[in-house]
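Asks: Here it is, the structure, as structure tokens.
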Amino acid sequence: MVRIGAFFVGLFFSGWLLVSFIMGAVAYVSEPPAPTAEHEFHLKPKHVSYSFDGPLGRYDKQQLQRGFQVYKEVCAACHSLKFVAFRDLAALGYNEAEVKAIAKSWIIKTPSVDPATGEASSRDPVPADKFPMPFANNVAAAAANNNAIPPDLSLMTKARHHGTAYVYSLLTGYTNQAGYKNEEGKELLAEFPDSETPAGLHFNPYFPNLNLAMAPPLTAEGQVTYDEGQPTPTVDQMSQDVSAFLAWTAEPKLEDRKSAGIAVLLFLIIATGLAYMSYRSIWADQKH
Amino acid sequence: MSFPWANEYTPKAPLMKWIDERLPLPRLVYNAVGGGYPVPRNLNFFWNFGVLSGLALVIQLVTGIIMAMHYGANDLVAFGTVEHVMRDVNSGWLMRYAHANGASFFFIVVYLHIFRGLYFGSYKAPREMVWLLGLVIFLLMMATAFMGYVLPWGQMSYWGAKVITGLFGAIPIVGEPIQTWLLGGFAPGNASLNRFFSLHYLLPFVIAGVIILHIWALHIPGSTNPTGVEVKGPQDTLPFHPYYTAKDGFGAGIFLILFAIAVYFAPNALGHPDNYIEANPLSTPAHIVPEWYFWPFYAILRAFTFDFFFIPAKLLGVLAMFASILLLFFLPWLDTSPVRSGRYRPMFRKFWWILLADIAVLGYCGGAAAEEPWVMISQVASAYYFAHFLIILPLISAFERPDPLPGSITEAVLGKDDHGAETAAVAAE
């Protein structure tokens, strides 16, 4: 009985799946799905290498400080960093006094309550504070940015596929849409005349739907002035630095993790070697 | 628990004797995983995965209980408290990465355990109950993993919860009330998050309970073995301890090395980036996909694209997805071949490999976007999945001519050539 019932259940599911397959295949051949501009012209992130790649990679503190400077002078005007506290900046090599000074001089203030009147007020951030939000709320953020809310950047490099390279590619990927061709030499506006970038948006082939609300944030060499002895702040250099900084904000424990990983692996390899030897010695007199 | 075949426990230390007379716990341990449990001497490394599944459960319990101390099951703060664990809790990043990857590794070893059972016929009499309880554990694991994935309250958490509870919405008439009842609202919200957290904490202990039953049921007939030939006498067995504790110890070392590589060097490789975006009911992700261990079932769910007369395609997909797991409960009665091990079943063995490839294809399709050619491929692969268990297996067991079996485990191991050339060939393996 079980087998007869099973046979008919199997026949039903398998049969209907094959019928669905045939109907789907016929539809696919007779009306192939139309290609979309996103499918044909969206680019995967560029290849870019960082000091923290690979199992032994470490953050380059100089680079993180430069990236922080770019964030502070460019990104912070619109993008929050709500999971990062000023005290965390110590990991970038700043000492206690420097962290205090950075917090105190931060342009955006931390919301507070006036102790005398109880009214809403603001104060200078202290190292224990998270980075204050640039907008009071999402409505204010949308209103100031052509209805697009600038996303929080704390986790950005983990929230996209190949996130660090993605941030770098996006920052360096703005280009002119007119005449833009993909690798196969197809021209976007010739293939998809309807996909012209709407007013208020900006064309960038690294963005999933090719048009994003953010205007190119890094446009000129020297937009941020780096300290003596640091690399020239080209757009490419600044983009690398700020993407490295955002890799750190998303994964501040990366160095702890990798150091612990090496130690744990060494321990486990030795322990497993010993376990293997005891296994062999216990089984030595048994055929199996 | 009493095992008729177990070696008698005779306590040597006076303390053990004292305890054993009052509470026979030392006796239980000795009989279950100690020198008292005689195990076939020819188990290969595929028999490690039961113990490794237990190890994975322990890792999940320890890391999970610690994380629950810092996590806030409230939709306003859940995402932030996970980041708090990652950034400010001592070794919190290790607990969370071990827990997230631990779920994946739990499924890896359980899938290997299941495929071992499928190949070597471990589900056959007299071990049907072991198999059935194993499937109960598997279902509980799926429920636990799904609810655990909702807890960080990221985009995939939220939309995954919406899609999976939406499956119940496909049931005619009562579907939508059931979905609302499950979620505690019309969409995933704080009520859903709270109950998922509560159940996510409860179910692992239910799993632990069913594991005890699973092992109890196993210890009644004892373990099967790669030949599938039952134990004939003491010469066929070795005591569990020290022989298999040593072998499992080595297996656990390999498991932990691979686990450490994932946790310490590629902790997000098995996750989805969208879950690092806080849940937003107003923004649907481009592709909603579950974690990798659900992909084969997700592919079956999405393979139904046409209504069957009055049955909507969505309901068909839901029925098929549940059926794809529930049919495994009937497996001991679908495969009626008296030969257990795939080693002596030439036709069965070929179809087992096809099934393995088929499920890999389903997994790939389930993780891909719901567009062609993946839908068409998953339709063919799903059709094979059902046909394999419900049509092909019963037919094979009726028509297949199995290879000759070795007379006993010892014969297969020591290669005593009493029964012709085939036996020698088997022994040479």
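Residues are referred to by chain and number: the chain letter is A, B, ... according to the order shown in the structure tokens, the number counts from 1 in that chain, and ligands are numbered separately from 1 in the order shown.
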According to DSSP computed on the backbone, where in range 236-406 of chain B is there alpha helix (DSSP H)? Give the residues as JSON, numbers by chain.

Replies: {"B": [245, 246, 247, 248, 249, 250, 251, 252, 253, 254, 255, 256, 257, 258, 259, 260, 261, 262, 263, 264, 265, 295, 296, 297, 298, 299, 300, 301, 302, 303, 313, 314, 315, 316, 317, 318, 319, 320, 321, 322, 323, 324, 325, 326, 331, 332, 333, 334, 346, 347, 348, 349, 350, 351, 352, 353, 354, 355, 356, 357, 358, 359, 360, 361, 362, 363, 364, 365, 366, 367, 374, 375, 376, 377, 378, 379, 380, 381, 382, 383, 384, 385, 386, 387, 393, 394, 395, 396, 397, 398, 399]}

Asks: Find the spatial neighbours of Glu191 in chain A, counting only C-alpha atoms, within a cut-off of 10 Å - ignore same-chain residues fewer than 6 positions away - and output them as a PyMOL selection string.

Replies: chain A and resi 35-37+40+181

Asks: Can I get the selected residues back with N, CA and C atoms, as an mmCIF file, in the first residue's frame?

Replies:
```cif
data_model
loop_
_atom_site.group_PDB
_atom_site.id
_atom_site.type_symbol
_atom_site.label_atom_id
_atom_site.label_comp_id
_atom_site.auth_asym_id
_atom_site.auth_seq_id
_atom_site.Cartn_x
_atom_site.Cartn_y
_atom_site.Cartn_z
ATOM 1 N N PRO A 35 16.328 41.361 -22.489
ATOM 2 C CA PRO A 35 17.464 41.772 -21.647
ATOM 3 C C PRO A 35 17.177 43.141 -21.027
ATOM 4 N N THR A 36 17.738 43.359 -19.844
ATOM 5 C CA THR A 36 17.538 44.649 -19.184
ATOM 6 C C THR A 36 18.858 45.408 -19.169
ATOM 7 N N ALA A 37 18.756 46.727 -19.051
ATOM 8 C CA ALA A 37 19.961 47.560 -19.021
ATOM 9 C C ALA A 37 20.837 47.176 -17.838
ATOM 10 N N GLU A 40 22.772 43.980 -18.570
ATOM 11 C CA GLU A 40 23.811 44.079 -19.594
ATOM 12 C C GLU A 40 24.940 45.032 -19.197
ATOM 13 N N LYS A 181 29.978 52.578 -23.088
ATOM 14 C CA LYS A 181 29.921 51.242 -23.699
ATOM 15 C C LYS A 181 30.363 50.201 -22.688
#
```

Asks: When you count only C-alpha atoms, which of these residues is closest to Phe203 in chain A: A:Asn145, A:Ala165, A:Leu171, A:Glu221?

Replies: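 The closest residue to Phe203 in chain A is A:Leu171.
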
Asks: Closest to Pro285 in chain B among A:Pro231, A:Pro55, A:Pro208, A:Gly67, using only C-alpha atoms?

Replies: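 Smallest separation from Pro285 in chain B among the options: A:Pro208.
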
Asks: Please provide as a compact mmCIF listing (two decimals) with N, CA and C atoms, in the first residue's frame all residues within 10 Å of Leu43 in chain B, with the sequence filter that same-chain residues fewer than 5 positions apart are discarded (counting only C-alpha atoms).

Replies:
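The resulting around.txt:
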```
# COMPACT_ATOMS: atom_id res chain seq x y z
N HIS A 288 40.84 -3.83 10.29
CA HIS A 288 39.51 -3.29 10.13
C HIS A 288 39.28 -2.86 8.69
N ASN B 48 31.70 8.85 11.49
CA ASN B 48 32.08 9.88 12.47
C ASN B 48 31.02 10.96 12.62
N SER B 223 24.96 -0.43 16.08
CA SER B 223 25.27 0.24 14.82
C SER B 223 25.29 -0.75 13.66
N THR B 224 24.91 -0.24 12.48
CA THR B 224 25.15 -1.03 11.28
C THR B 224 26.59 -0.77 10.84
N ASN B 225 26.97 -1.22 9.67
CA ASN B 225 28.37 -1.10 9.26
C ASN B 225 28.44 -1.09 7.74
N PRO B 226 29.60 -0.79 7.16
CA PRO B 226 29.68 -0.62 5.71
C PRO B 226 29.27 -1.86 4.90
N THR B 227 29.34 -3.04 5.46
CA THR B 227 28.90 -4.20 4.70
C THR B 227 27.39 -4.39 4.81
N THR B 237 33.15 -7.41 16.49
CA THR B 237 33.02 -6.10 17.14
C THR B 237 34.28 -5.70 17.90
N TYR B 244 36.58 3.50 19.09
CA TYR B 244 35.86 4.53 18.33
C TYR B 244 35.93 5.90 18.99
N LYS B 247 38.93 7.14 17.22
CA LYS B 247 38.65 7.48 15.83
C LYS B 247 37.81 8.76 15.75
```

Asks: Determine, counting only C-alpha atoms, which protein, DNA and RNA residues have an atom within 8 Å of an atom of Trp352 in chain B; residues of the same chain fewer than 4 positions away are not included. Present the result as a list in words.

Replies: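 The contact residues come out as Leu118, Tyr119, Phe348 and Leu356 of chain B.
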
Asks: Keeping N, CA and C atoms for every residue in the selection just given, could you write it to a file as a compact mmCIF listing (two decimals), in the first residue's frame?

Replies:
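part_25.txt was written with the following content:
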```txt
# COMPACT_ATOMS: atom_id res chain seq x y z
N LEU B 118 21.74 6.95 3.81
CA LEU B 118 21.08 6.59 2.55
C LEU B 118 21.92 5.56 1.78
N TYR B 119 23.23 5.74 1.77
CA TYR B 119 24.08 4.85 0.97
C TYR B 119 24.16 3.47 1.60
N PHE B 348 21.35 0.42 -7.32
CA PHE B 348 21.05 1.39 -6.26
C PHE B 348 22.18 2.40 -6.14
N LEU B 356 22.64 12.36 -5.36
CA LEU B 356 23.57 13.31 -4.76
C LEU B 356 23.80 14.49 -5.71
```
